[in-house]
Amino acid sequence: MTAFEVNGRKVDLEVDPRESLLAVLQDRLHLYGTKKGCDHGQCGACTVHLDGRRVVSCLTLASQVEGREVRTIEGVAGEDGTLHPLQRAFIDNDAMQCGYCTPGQIMSGLACIAEGHTGDDDEIREYMSGNLCRCGAYVGIVAAIRQVAGPAEA
Amino acid sequence: MSTAPARVDARAKVTGALRYGADRAPESVAYAAFAVATIARGRITGVDTEAALNLPGVRLVITRFDPDELTSPGFIMTGGYGFQSLQPLLDDRIAYRGQPIALVVADTPLAATEAAELITAAYEPEPAAFTLDAPGAETLVQAQAIPIPMFADTAVGDADAAFAAAPVQVDVEVSGPNQHQVPMELIGGVVEWHGDTLVVHEGTQNSGAVQNGLARQLGISPDRVQVISPSVGGGFGQKNSLQPHIGPLAIAARRLGRPVKLVLTRPQTFHQASFRPASRQRVRLGADSSGRLVAAIHEIDQQTSRHDLFPAMYTEVSSRFYGIGAFRGLQRLVRTDVQTPGYMRAPFEHIAAYAMESAVDEIAYATGRDPVELRLANDTAVDPVSGLPFSSRHVAECLRRGAERFGWAERSPRPRSMRGPDGTLIGWGVAIGAYPGSAAAAIARMSAHDTGTVEVAVAGHEMGQGIRTAIARLVADDLGIEIAAVKVGVGDTRSAPQHLTAGSWGTATALPAVHAALRDRLGVPRTGPVDMRAAVAATGGSRIEIEATSVARGQPADVVVDRLRKGLLAIAGPEYPEFVTFSHIAHFVEVRIEAATGRVRVPRVVSVADCGRVASPVTAASQVRGGVIWGIGATLREQSLVDPRYGGFLNPTMEEYPIPVSADVHRIDVDFIDEPDLLLNPVGVKGLGEVCMVGVSAAIGNALFHATGARFRRLPVRIEDVLPHL
């Protein structure tokens with residue numbers, strides 16, 4: 001059995017050694033906010049936080065997260081449904097179109113801010129370039145992260 | 001920040017609550033995977049499935065379906081429903097590399113994947129052709145191969161004589177690459193039987209075609225097929241018709257008595273679905289010495305498959321860019337051994353604009369005219385092809401406003417004359433774009449409840465363009481109710497007949513009629529806000545239901561509504577009985593080329609669009625930015641590399657097929673003319689999602705010329721193309 005926490009909830013599952021965290025989150029825990037766009041760590045749609053760090057869950061084996069804390073998009077808003085300021089900023093800046101990459105963008109954006117990679121907009125662009133958006137919502141995504149991170153450094 | 005409301009589904013998107021096709025795993029679901037052909041053309045002589053069948057958890061391996069249980073869905077462009085006519089797993093023929101040769105169904109996705117990889121096949125290969133010039137590629141003149149008026153060659157006046165006599169001539173050849181749509185959501189879904197009814201959850205732009213196509217393939221009534229696709233994770237044309245995996249899944253689900261889920265791998269989406277065909281264009285443009293355009297000849301070779309003719313429609317738009325009195329088009333199709341290519345955002349217009357607008361730029365330089373001024377001088381109020389007026393055309397205003405916002409007056413016209421302090425070459429370029437204004441027949445159903453809410457069901461698919469928001473806004477504005485009181489249902493065959501959603505707008509024409517009928521039934525005035533709660537209560541019931549049908553201008557209602565109900569294309573345009581409709585745009589682009597590396601950056605774009613009334617300002621601006629970014633990718637990055645030896649595409653992953661990333665995208669200023677086009681429909685909207693990409697490539701190409709003095713004839717323009725010109 002593999003025991004870990006997802007969004008503060010304890011999970012204890014029999015997992016196949018080949019099974020990805022993404023596959024477990026989706027079809028076994030029914031947390032479909034985490035998306036599959038490539039299954040090869042190339043698009044960022046499946047980004048989650050593992051002990052506070054952003055990882056692509058498609059390249060993270062479920063058996064590797066034993067004893068660790070996973071946070072997905074479903075764990076970002078408050079218990080009462082209050083949106084996180086970054087979620088609010090995504091709405092304010094229309095930082096989405098089809099929405100499929102949006103959860104991954106938000107998980108990566110939260111980490112980008114926490115890592116301090118928001119010195120100027122080019123730094124945000126660089127550190128968000130692992131999260132692809134085919135609709136091309138990048139202008140809004142950078143603006144949303146900027147809004148939450150505070151003004152750019154002079 | 002705009003005061004306009006955000007997307008009605010924004011909260012669901014930022015919380016991860018929105019469900020897409022494959023976001024489900026019903027009780028007892030089984031998982032499918034395909035084994036695929038490793039040759040591009042020939043015959044299968046044997047498939048070894050033993051190892052796969054012996055794998056624990058494997059329930060089914062199917063290598064061939066009986067003709068009485070599964071048939072071809074037909075090709076969407078010839079009265080069918082499929083992205084191609086060829087349905088895999090019906091016979092021993094292989095027509096393209098990556099074609100499915102076996103379907104595996106297992107208890108887990110891991111078992112299905114492993115089993116698919118254990119399947120091997122023996123083949124009798126045959127020589128195959130993959131590129132326009134390959135031996136064995138067969139070239140057909142489209143007008144003869146598809147003798148239908150809409151695919152005929154455009155001809156106005158005597159273009160060859162006018163060109164020969166023109167004192168200024170340019171002759172441009174452009175080659176366009178294979179590209180793929182690469183929507184973020186993979187192709188796939190979940191299929192299950194509820195008794196005799198087939199229920200399909202799959203991201204599609206055309207749930208009506210999926211419904212009716214499956215009915216045809218399986219020999220059942222369309223009433224027994226439900227397709228549910230309220231949210232699509234991007235389509236861009238790749239999800240515009242029935243995909244060939246769904247029929248096989250339906251049969252597997254019936255045999256097993258279990259729901260079946262399949263999500264194609266990313267490389268499979270490059271080989272089992274449509275893509276942008278390779279093309280080669282030649283544009284000859286003649287002008288008088290003042291730069292007045294007098295003749296255009298536009299010839300195109302476009303790739304198609306061996307089994308279908310994907311019609312080319314490049315000259316429909318290139319003949320309308322300017323008021324050129326003599327135009328001749330020639331469109332040819334080149335059969336190669338691939339799955340059938342198809343529509344990818346701005347399918348013909350994007351690459352046609354690259355050729356035409358590059359040629360126009362050359363005319364400007366040849367005649368010493370400013371590129372904006374030359375375009376203004378060649379504008380037209382009358383369609384040169386039909387002689388009819390445009391329902392609306394604001395090209396000149398797009399150009400003027402864009403030039404003003406961009407600061408075009410500061411441009412130094414000579415190539416290589418603008419540099420940054422570090423030696424960076426700077427180029428400024430302009431181009432226009434146009435896209436035909438189509439409209440579809442639609443049936444809208446609306447119900448008003450005594451709780452004050454209104455439900456709307458209509459043909460349409462939400463794939464990021466914001467159709468749900470646009471419809472909700474339209475209904476809320478029209479009835480004077482809160483936007484939150486409007487519930488919009490799209491992409492669901494259970495609630496309204498569904499039509500392809502692809503650059504056309506059927507809903508805007510249906511909704512005003514349904515509003516009017518609703519007001520009549522409620523006994524409230526034709527205009528002004530409605531107290532929905534009170535009005536419904538006053539009828540004595542708890543809800544009122546209304547249905548209305550609309551057709552495009554000049555469409556025969558009975559014929560198109562029947563087509564709509566059958567899931568067939570029911571569109572009209574851009575030529576209507578009294579006018580011709582196009583959306584228009586002007587793009588102004590700055591490129592900077594790093595002196596040491598030759599890397600091209602696009603720091604600044606200004607785009608001004610003429611799309612009629614802007615139905616939803618926030619989502620519309622996002623859509624234009626997205627189109628511009630598509631243009632940047634298509635010009636500087638994206639190419640599906642063909643393997644000339646074995647077929648297939650060599651870079652079918654998101655790492656190696658380089659769609660633009662955040663670091664590629666900088667300032668994109670968007671503005672709209674926002675003049676309703678009330679001739680086209682009562683709401684005054686024209687299309688936007690495609691036109692916004694048209695002309696971006698040409699503007700970048702013209703900026704590259706301004707920066708380097710060189711013309712780039714092959715897309716994408718790569719660093720190695722630019723380096724010799726630094």
# chains A, B, ... in the order shown; residues from 1 in each chain; ligands from 1
>>> select_by_dssp(residues="region 511-586 of chain B", states="strand (DSSP E or B)", output="PDB file with N, CA and C atoms, in the first residue's frame")
ATOM      1  N   ARG B 543     -42.957  26.916 -15.877  1.00  0.00           N
ATOM      2  CA  ARG B 543     -41.991  27.273 -16.920  1.00  0.00           C
ATOM      3  C   ARG B 543     -42.657  27.360 -18.287  1.00  0.00           C
ATOM      4  N   ILE B 544     -41.957  28.089 -19.185  1.00  0.00           N
ATOM      5  CA  ILE B 544     -42.419  28.283 -20.558  1.00  0.00           C
ATOM      6  C   ILE B 544     -41.303  27.805 -21.475  1.00  0.00           C
ATOM      7  N   GLU B 545     -41.666  27.025 -22.471  1.00  0.00           N
ATOM      8  CA  GLU B 545     -40.640  26.538 -23.397  1.00  0.00           C
ATOM      9  C   GLU B 545     -40.922  27.014 -24.816  1.00  0.00           C
ATOM     10  N   ILE B 546     -39.843  27.401 -25.483  1.00  0.00           N
ATOM     11  CA  ILE B 546     -39.945  27.973 -26.822  1.00  0.00           C
ATOM     12  C   ILE B 546     -38.866  27.348 -27.695  1.00  0.00           C
ATOM     13  N   GLU B 547     -39.197  27.137 -28.950  1.00  0.00           N
ATOM     14  CA  GLU B 547     -38.172  26.683 -29.897  1.00  0.00           C
ATOM     15  C   GLU B 547     -38.255  27.544 -31.141  1.00  0.00           C
ATOM     16  N   ALA B 548     -37.114  27.885 -31.685  1.00  0.00           N
ATOM     17  CA  ALA B 548     -37.117  28.643 -32.939  1.00  0.00           C
ATOM     18  C   ALA B 548     -35.996  28.165 -33.827  1.00  0.00           C
ATOM     19  N   THR B 549     -36.268  28.261 -35.118  1.00  0.00           N
ATOM     20  CA  THR B 549     -35.305  27.824 -36.122  1.00  0.00           C
ATOM     21  C   THR B 549     -34.886  29.033 -36.938  1.00  0.00           C
ATOM     22  N   SER B 550     -33.637  29.081 -37.288  1.00  0.00           N
ATOM     23  CA  SER B 550     -33.216  30.153 -38.180  1.00  0.00           C
ATOM     24  C   SER B 550     -32.314  29.572 -39.247  1.00  0.00           C
ATOM     25  N   ILE B 571     -24.245  25.195 -43.892  1.00  0.00           N
ATOM     26  CA  ILE B 571     -23.730  26.558 -43.855  1.00  0.00           C
ATOM     27  C   ILE B 571     -23.932  27.264 -45.180  1.00  0.00           C
ATOM     28  N   ALA B 572     -23.933  28.594 -45.113  1.00  0.00           N
ATOM     29  CA  ALA B 572     -23.989  29.426 -46.304  1.00  0.00           C
ATOM     30  C   ALA B 572     -22.919  30.504 -46.172  1.00  0.00           C
ATOM     31  N   GLU B 575     -20.849  34.198 -50.099  1.00  0.00           N
ATOM     32  CA  GLU B 575     -21.713  34.895 -51.056  1.00  0.00           C
ATOM     33  C   GLU B 575     -23.167  34.633 -50.714  1.00  0.00           C
ATOM     34  N   VAL B 580     -21.781  40.061 -50.145  1.00  0.00           N
ATOM     35  CA  VAL B 580     -20.696  39.127 -49.844  1.00  0.00           C
ATOM     36  C   VAL B 580     -20.125  39.534 -48.489  1.00  0.00           C
ATOM     37  N   PHE B 582     -17.143  39.123 -45.507  1.00  0.00           N
ATOM     38  CA  PHE B 582     -15.859  38.680 -44.952  1.00  0.00           C
ATOM     39  C   PHE B 582     -15.597  39.445 -43.653  1.00  0.00           C
ATOM     40  N   SER B 583     -14.891  38.811 -42.737  1.00  0.00           N
ATOM     41  CA  SER B 583     -14.286  39.538 -41.623  1.00  0.00           C
ATOM     42  C   SER B 583     -12.911  39.992 -42.086  1.00  0.00           C
ATOM     43  N   HIS B 584     -12.432  41.068 -41.479  1.00  0.00           N
ATOM     44  CA  HIS B 584     -11.144  41.624 -41.901  1.00  0.00           C
ATOM     45  C   HIS B 584     -10.300  41.977 -40.695  1.00  0.00           C
ATOM     46  N   ILE B 585      -9.020  42.129 -40.947  1.00  0.00           N
ATOM     47  CA  ILE B 585      -8.113  42.511 -39.868  1.00  0.00           C
ATOM     48  C   ILE B 585      -6.863  43.138 -40.478  1.00  0.00           C
ATOM     49  N   ALA B 586      -6.213  43.987 -39.717  1.00  0.00           N
ATOM     50  CA  ALA B 586      -4.883  44.493 -40.106  1.00  0.00           C
ATOM     51  C   ALA B 586      -3.928  44.232 -38.954  1.00  0.00           C
TER      52      ALA B 586
END
>>> residues_around(residues="Arg526 (chain B)", least_positions_apart="4", cutoff="10 Å", atoms="only C-alpha atoms", output="list in words")
Asp478, Leu479, His515, Ala516, Ala517, Leu518, Arg519, Asp520 and Val530 of chain B
>>> residues_around(residues="Cys398 (chain B)", least_positions_apart="6", cutoff="9 Å", atoms="only C-alpha atoms", output="list of chain:residue names")
B:Ile432, B:His584, B:Ile585, B:Ala586, B:His587, B:Ser607, B:Val608, B:Ala609, B:Asp610, B:Asp671, B:Phe672, B:Ile673
>>> write_last_selection(atoms="N, CA and C atoms", output="PDB file, in the first residue's frame")
ATOM      1  N   ILE B 432      -2.765  42.622 -44.198  1.00  0.00           N
ATOM      2  CA  ILE B 432      -4.176  42.472 -43.839  1.00  0.00           C
ATOM      3  C   ILE B 432      -4.554  40.995 -43.920  1.00  0.00           C
ATOM      4  N   HIS B 584     -12.432  41.068 -41.479  1.00  0.00           N
ATOM      5  CA  HIS B 584     -11.144  41.624 -41.901  1.00  0.00           C
ATOM      6  C   HIS B 584     -10.300  41.977 -40.695  1.00  0.00           C
ATOM      7  N   ILE B 585      -9.020  42.129 -40.947  1.00  0.00           N
ATOM      8  CA  ILE B 585      -8.113  42.511 -39.868  1.00  0.00           C
ATOM      9  C   ILE B 585      -6.863  43.138 -40.478  1.00  0.00           C
ATOM     10  N   ALA B 586      -6.213  43.987 -39.717  1.00  0.00           N
ATOM     11  CA  ALA B 586      -4.883  44.493 -40.106  1.00  0.00           C
ATOM     12  C   ALA B 586      -3.928  44.232 -38.954  1.00  0.00           C
ATOM     13  N   HIS B 587      -2.766  43.707 -39.286  1.00  0.00           N
ATOM     14  CA  HIS B 587      -1.735  43.423 -38.277  1.00  0.00           C
ATOM     15  C   HIS B 587      -0.499  44.284 -38.541  1.00  0.00           C
ATOM     16  N   SER B 607      -3.090  44.634 -33.603  1.00  0.00           N
ATOM     17  CA  SER B 607      -4.068  44.026 -34.497  1.00  0.00           C
ATOM     18  C   SER B 607      -5.408  44.734 -34.330  1.00  0.00           C
ATOM     19  N   VAL B 608      -5.983  45.160 -35.447  1.00  0.00           N
ATOM     20  CA  VAL B 608      -7.291  45.821 -35.411  1.00  0.00           C
ATOM     21  C   VAL B 608      -8.252  44.998 -36.271  1.00  0.00           C
ATOM     22  N   ALA B 609      -9.312  44.505 -35.648  1.00  0.00           N
ATOM     23  CA  ALA B 609     -10.201  43.552 -36.318  1.00  0.00           C
ATOM     24  C   ALA B 609     -11.556  44.173 -36.638  1.00  0.00           C
ATOM     25  N   ASP B 610     -12.085  43.766 -37.771  1.00  0.00           N
ATOM     26  CA  ASP B 610     -13.431  44.126 -38.218  1.00  0.00           C
ATOM     27  C   ASP B 610     -14.240  42.837 -38.219  1.00  0.00           C
ATOM     28  N   ASP B 671      -7.511  45.863 -30.990  1.00  0.00           N
ATOM     29  CA  ASP B 671      -8.603  46.828 -31.052  1.00  0.00           C
ATOM     30  C   ASP B 671      -9.644  46.311 -32.049  1.00  0.00           C
ATOM     31  N   PHE B 672     -10.860  46.779 -31.857  1.00  0.00           N
ATOM     32  CA  PHE B 672     -11.961  46.339 -32.724  1.00  0.00           C
ATOM     33  C   PHE B 672     -12.647  47.546 -33.349  1.00  0.00           C
ATOM     34  N   ILE B 673     -13.092  47.381 -34.598  1.00  0.00           N
ATOM     35  CA  ILE B 673     -13.916  48.418 -35.224  1.00  0.00           C
ATOM     36  C   ILE B 673     -15.286  48.441 -34.550  1.00  0.00           C
TER      37      ILE B 673
END
>>> interface_residues(of="chain B", to="chain A", cutoff="8 Å", atoms="only C-alpha atoms", output="JSON, numbers by chain")
{"B": [1, 6, 7, 10, 11, 13, 14, 15, 16, 17, 18, 19, 23, 24, 25, 110, 182, 183, 184, 185, 186, 231, 232, 233, 234, 265, 266, 462, 463, 464, 465, 466, 618, 619, 622, 623, 625, 626, 627, 629, 630, 653, 654, 655, 659, 660, 661, 662, 663, 665, 666, 667, 668]}
>>> write_last_selection(atoms="N, CA and C atoms", output="short mmCIF file (atom, residue, chain, number, x, y, z; two decimals), in the first residue's frame")
data_model
loop_
_atom_site.label_atom_id
_atom_site.label_comp_id
_atom_site.auth_asym_id
_atom_site.auth_seq_id
_atom_site.Cartn_x
_atom_site.Cartn_y
_atom_site.Cartn_z
N MET B 1 -8.43 47.59 -16.70
CA MET B 1 -9.16 46.32 -16.88
C MET B 1 -10.60 46.62 -17.36
N ALA B 6 -16.42 38.55 -17.00
CA ALA B 6 -15.49 37.49 -17.41
C ALA B 6 -16.30 36.36 -18.02
N ARG B 7 -15.64 35.31 -18.37
CA ARG B 7 -16.30 34.13 -18.91
C ARG B 7 -17.26 33.54 -17.90
N ALA B 10 -15.56 30.76 -16.07
CA ALA B 10 -14.20 31.03 -15.58
C ALA B 10 -13.94 30.37 -14.22
N ARG B 11 -14.92 30.45 -13.32
CA ARG B 11 -14.70 29.88 -12.00
C ARG B 11 -14.45 28.37 -12.10
N LYS B 13 -13.20 26.84 -14.50
CA LYS B 13 -11.89 26.60 -15.12
C LYS B 13 -10.75 26.81 -14.12
N VAL B 14 -10.84 27.83 -13.27
CA VAL B 14 -9.72 28.09 -12.35
C VAL B 14 -9.74 27.17 -11.13
N THR B 15 -10.85 26.50 -10.89
CA THR B 15 -10.89 25.57 -9.76
C THR B 15 -10.70 24.12 -10.21
N GLY B 16 -10.58 23.90 -11.50
CA GLY B 16 -10.41 22.54 -11.99
C GLY B 16 -11.70 21.74 -11.99
N ALA B 17 -12.83 22.44 -11.86
CA ALA B 17 -14.12 21.74 -11.76
C ALA B 17 -14.71 21.40 -13.12
N LEU B 18 -14.25 22.07 -14.17
CA LEU B 18 -14.85 21.84 -15.48
C LEU B 18 -14.46 20.46 -15.99
N ARG B 19 -15.44 19.70 -16.46
CA ARG B 19 -15.20 18.35 -16.96
C ARG B 19 -15.09 18.33 -18.47
N ASP B 23 -12.74 13.09 -18.76
CA ASP B 23 -12.63 13.29 -17.30
C ASP B 23 -13.69 12.48 -16.56
N ARG B 24 -13.65 11.19 -16.72
CA ARG B 24 -14.61 10.34 -16.02
C ARG B 24 -14.13 8.90 -16.12
N ALA B 25 -14.50 8.12 -15.13
CA ALA B 25 -14.20 6.69 -15.13
C ALA B 25 -15.40 6.00 -14.49
N LEU B 110 -2.72 0.62 -18.00
CA LEU B 110 -1.38 0.04 -18.14
C LEU B 110 -1.41 -1.26 -18.91
N VAL B 182 -2.65 20.42 -32.52
CA VAL B 182 -2.14 20.21 -31.16
C VAL B 182 -3.00 20.89 -30.08
N PRO B 183 -4.29 20.61 -30.05
CA PRO B 183 -5.06 21.11 -28.91
C PRO B 183 -4.52 20.48 -27.63
N MET B 184 -4.60 21.20 -26.51
CA MET B 184 -4.05 20.67 -25.26
C MET B 184 -4.77 19.39 -24.84
N GLU B 185 -6.09 19.38 -25.01
CA GLU B 185 -6.84 18.16 -24.67
C GLU B 185 -6.57 17.11 -25.73
N LEU B 186 -6.12 15.96 -25.32
CA LEU B 186 -5.90 14.86 -26.25
C LEU B 186 -7.22 14.39 -26.84
N SER B 231 -17.73 20.97 -23.10
CA SER B 231 -16.49 21.73 -23.00
C SER B 231 -15.39 20.97 -23.74
N VAL B 232 -14.74 21.67 -24.64
CA VAL B 232 -13.69 21.06 -25.44
C VAL B 232 -12.38 21.75 -25.09
N GLY B 233 -11.34 20.94 -24.87
CA GLY B 233 -10.04 21.51 -24.49
C GLY B 233 -9.23 21.93 -25.70
N GLY B 234 -9.86 22.73 -26.55
CA GLY B 234 -9.23 23.17 -27.78
C GLY B 234 -9.52 22.20 -28.91
N THR B 265 -2.55 8.62 -27.43
CA THR B 265 -1.30 9.23 -27.00
C THR B 265 -1.07 10.47 -27.88
N ARG B 266 -0.22 11.36 -27.41
CA ARG B 266 0.05 12.57 -28.22
C ARG B 266 0.59 12.19 -29.60
N GLU B 462 -18.26 24.83 -26.96
CA GLU B 462 -17.38 25.74 -26.22
C GLU B 462 -15.98 25.15 -26.22
N MET B 463 -15.12 25.76 -27.01
CA MET B 463 -13.76 25.23 -27.09
C MET B 463 -12.73 26.29 -26.74
N GLY B 464 -13.20 27.29 -25.99
CA GLY B 464 -12.29 28.33 -25.53
C GLY B 464 -12.56 29.67 -26.16
N GLN B 465 -13.34 29.66 -27.24
CA GLN B 465 -13.61 30.93 -27.93
C GLN B 465 -14.61 31.77 -27.16
N GLY B 466 -15.31 31.17 -26.20
CA GLY B 466 -16.22 31.94 -25.34
C GLY B 466 -17.65 31.96 -25.82
N VAL B 618 -14.24 40.78 -23.73
CA VAL B 618 -13.10 40.18 -23.04
C VAL B 618 -12.63 38.93 -23.78
N THR B 619 -13.57 38.04 -24.08
CA THR B 619 -13.17 36.80 -24.74
C THR B 619 -12.72 37.06 -26.17
N SER B 622 -9.10 38.12 -26.13
CA SER B 622 -8.26 36.95 -25.86
C SER B 622 -8.12 36.11 -27.12
N GLN B 623 -9.23 35.99 -27.85
CA GLN B 623 -9.20 35.16 -29.06
C GLN B 623 -8.26 35.75 -30.10
N ARG B 625 -5.61 37.67 -29.52
CA ARG B 625 -4.24 37.43 -29.07
C ARG B 625 -3.82 35.99 -29.39
N GLY B 626 -4.74 35.07 -29.15
CA GLY B 626 -4.44 33.67 -29.46
C GLY B 626 -4.15 33.47 -30.94
N GLY B 627 -4.94 34.13 -31.79
CA GLY B 627 -4.73 34.01 -33.24
C GLY B 627 -3.37 34.59 -33.65
N ILE B 629 -0.75 34.73 -31.75
CA ILE B 629 0.27 33.79 -31.27
C ILE B 629 0.35 32.58 -32.21
N TRP B 630 -0.80 32.14 -32.71
CA TRP B 630 -0.78 31.06 -33.72
C TRP B 630 0.02 31.50 -34.94
N THR B 653 5.52 15.12 -30.83
CA THR B 653 5.39 15.32 -29.38
C THR B 653 5.34 16.81 -29.09
N MET B 654 4.96 17.17 -27.88
CA MET B 654 4.86 18.59 -27.55
C MET B 654 6.23 19.20 -27.28
N GLU B 655 7.23 18.36 -27.15
CA GLU B 655 8.58 18.89 -27.02
C GLU B 655 9.16 19.22 -28.40
N ILE B 659 5.09 24.45 -30.35
CA ILE B 659 4.07 25.50 -30.29
C ILE B 659 4.64 26.64 -29.43
N PRO B 660 4.16 27.86 -29.63
CA PRO B 660 4.71 28.98 -28.87
C PRO B 660 4.54 28.79 -27.36
N VAL B 661 5.57 29.22 -26.63
CA VAL B 661 5.52 29.21 -25.16
C VAL B 661 5.47 30.65 -24.67
N SER B 662 5.30 30.80 -23.37
CA SER B 662 5.15 32.14 -22.80
C SER B 662 6.31 33.06 -23.19
N ALA B 663 7.53 32.52 -23.21
CA ALA B 663 8.70 33.36 -23.51
C ALA B 663 8.71 33.87 -24.95
N VAL B 665 6.10 35.24 -26.36
CA VAL B 665 4.96 36.15 -26.52
C VAL B 665 5.16 37.41 -25.69
N HIS B 666 5.01 38.55 -26.36
CA HIS B 666 5.20 39.83 -25.67
C HIS B 666 3.95 40.68 -25.85
N ARG B 667 4.13 41.95 -26.21
CA ARG B 667 2.96 42.84 -26.24
C ARG B 667 2.09 42.59 -27.47
N ILE B 668 0.82 42.38 -27.25
CA ILE B 668 -0.13 42.24 -28.36
C ILE B 668 -1.30 43.17 -28.07
#
>>> residues_around(residues="Gly8 (chain A)", least_positions_apart="4", cutoff="10 Å", atoms="only C-alpha atoms", output="list in words")
Phe4, Glu69, Val70, Arg71 and Gly75 of chain A
>>> select_by_dssp(residues="region 77-113 of chain B", states="helix (DSSP H, G or I)", output="PyMOL selection string")
chain B and resi 77-78+109-113
>>> atom_distance(atom1="CA of Ile481 (chain B)", atom2="CA of Ser495 (chain B)")
22.6 Å
>>> residues_around(residues="Ala366 (chain B)", least_positions_apart="2", cutoff="12 Å", atoms="only C-alpha atoms", output="PDB file with C-alpha atoms, in the first residue's frame")
ATOM      1  CA  PRO B 167       4.570  47.617 -66.006  1.00  0.00           C
ATOM      2  CA  VAL B 168       5.300  46.341 -62.490  1.00  0.00           C
ATOM      3  CA  GLN B 169       5.294  42.588 -61.905  1.00  0.00           C
ATOM      4  CA  VAL B 170       6.177  40.352 -58.998  1.00  0.00           C
ATOM      5  CA  LEU B 285       0.821  40.236 -59.170  1.00  0.00           C
ATOM      6  CA  GLY B 286       0.822  43.065 -61.681  1.00  0.00           C
ATOM      7  CA  ALA B 287       0.487  46.791 -60.965  1.00  0.00           C
ATOM      8  CA  ASP B 288       0.743  50.076 -62.778  1.00  0.00           C
ATOM      9  CA  SER B 289       3.615  52.398 -61.929  1.00  0.00           C
ATOM     10  CA  SER B 290       1.567  54.087 -59.183  1.00  0.00           C
ATOM     11  CA  GLY B 291       1.065  50.763 -57.423  1.00  0.00           C
ATOM     12  CA  ARG B 292      -2.541  50.251 -58.558  1.00  0.00           C
ATOM     13  CA  ALA B 359       3.598  39.987 -53.071  1.00  0.00           C
ATOM     14  CA  VAL B 360       1.700  43.187 -52.251  1.00  0.00           C
ATOM     15  CA  ASP B 361       4.606  44.289 -50.049  1.00  0.00           C
ATOM     16  CA  GLU B 362       6.958  43.711 -52.967  1.00  0.00           C
ATOM     17  CA  ILE B 363       4.739  45.851 -55.184  1.00  0.00           C
ATOM     18  CA  ALA B 364       4.935  48.613 -52.559  1.00  0.00           C
ATOM     19  CA  GLY B 368       8.168  53.313 -53.910  1.00  0.00           C
ATOM     20  CA  ARG B 369       4.862  53.474 -52.040  1.00  0.00           C
ATOM     21  CA  ASP B 370       4.375  53.105 -48.317  1.00  0.00           C
ATOM     22  CA  PRO B 371       2.929  49.617 -47.646  1.00  0.00           C
ATOM     23  CA  LEU B 374      -0.578  51.220 -51.088  1.00  0.00           C
TER      24      LEU B 374
END
>>> closest_residue(among="B:Asp9, B:Asp379, B:Asp48, B:Glu720", to="Thr597 (chain B)", atoms="only C-alpha atoms")
B:Glu720
>>> residues_around(residues="Gln272 (chain B)", least_positions_apart="5", cutoff="7 Å", atoms="only C-alpha atoms", output="PDB file with C-alpha atoms, in the first residue's frame")
ATOM      1  CA  GLY B  98       0.219   4.990 -37.760  1.00  0.00           C
ATOM      2  CA  GLN B  99      -3.108   3.550 -38.974  1.00  0.00           C
ATOM      3  CA  GLN B 339      -4.375  10.121 -43.387  1.00  0.00           C
TER       4      GLN B 339
END
>>> closest_residue(among="A:Leu25, A:Val48, A:Val148, A:Cys112", to="Leu13 (chain A)", atoms="only C-alpha atoms")
A:Leu25
>>> residues_around(residues="Pro17 (chain A)", least_positions_apart="5", cutoff="8 Å", atoms="only C-alpha atoms", output="PDB file with C-alpha atoms, in the first residue's frame")
ATOM      1  CA  LEU A  61       5.353   7.592 -10.087  1.00  0.00           C
ATOM      2  CA  ALA A  62       2.561   7.204  -7.582  1.00  0.00           C
ATOM      3  CA  SER A  63       4.775   4.868  -5.533  1.00  0.00           C
TER       4      SER A  63
END
>>> closest_residue(among="A:Arg53, A:Val15, A:Gln147, A:Arg9", to="Pro85 (chain A)", atoms="only C-alpha atoms")
A:Gln147
>>> atom_distance(atom1="CA of Val385 (chain B)", atom2="CA of Leu678 (chain B)")
22.2 Å
>>> closest_residue(among="A:Val65, A:Leu22, A:Ala144, A:Ala114", to="Met1 (chain A)", atoms="only C-alpha atoms")
A:Val65
>>> decode(residues="region 401-416 of chain B", atoms="C-alpha atoms", output="tab-separated table (two decimals), in the first residue's frame")
chain	number	residue	atom	x	y	z
B	401	ARG	CA	-6.26	52.80	-36.70
B	402	GLY	CA	-3.55	50.15	-36.54
B	403	ALA	CA	-0.95	52.45	-38.10
B	404	GLU	CA	-1.82	55.13	-35.54
B	405	ARG	CA	-1.61	52.77	-32.55
B	406	PHE	CA	1.60	51.18	-33.79
B	407	GLY	CA	3.34	54.46	-34.59
B	408	TRP	CA	3.86	53.45	-38.22
B	409	ALA	CA	4.68	57.04	-39.21
B	410	GLU	CA	8.01	56.67	-37.39
B	411	ARG	CA	9.09	53.82	-39.69
B	412	SER	CA	12.14	54.34	-41.82
B	413	PRO	CA	11.13	52.57	-45.05
B	414	ARG	CA	14.55	51.39	-46.27
B	415	PRO	CA	15.36	47.76	-45.39
B	416	ARG	CA	18.08	47.27	-42.75
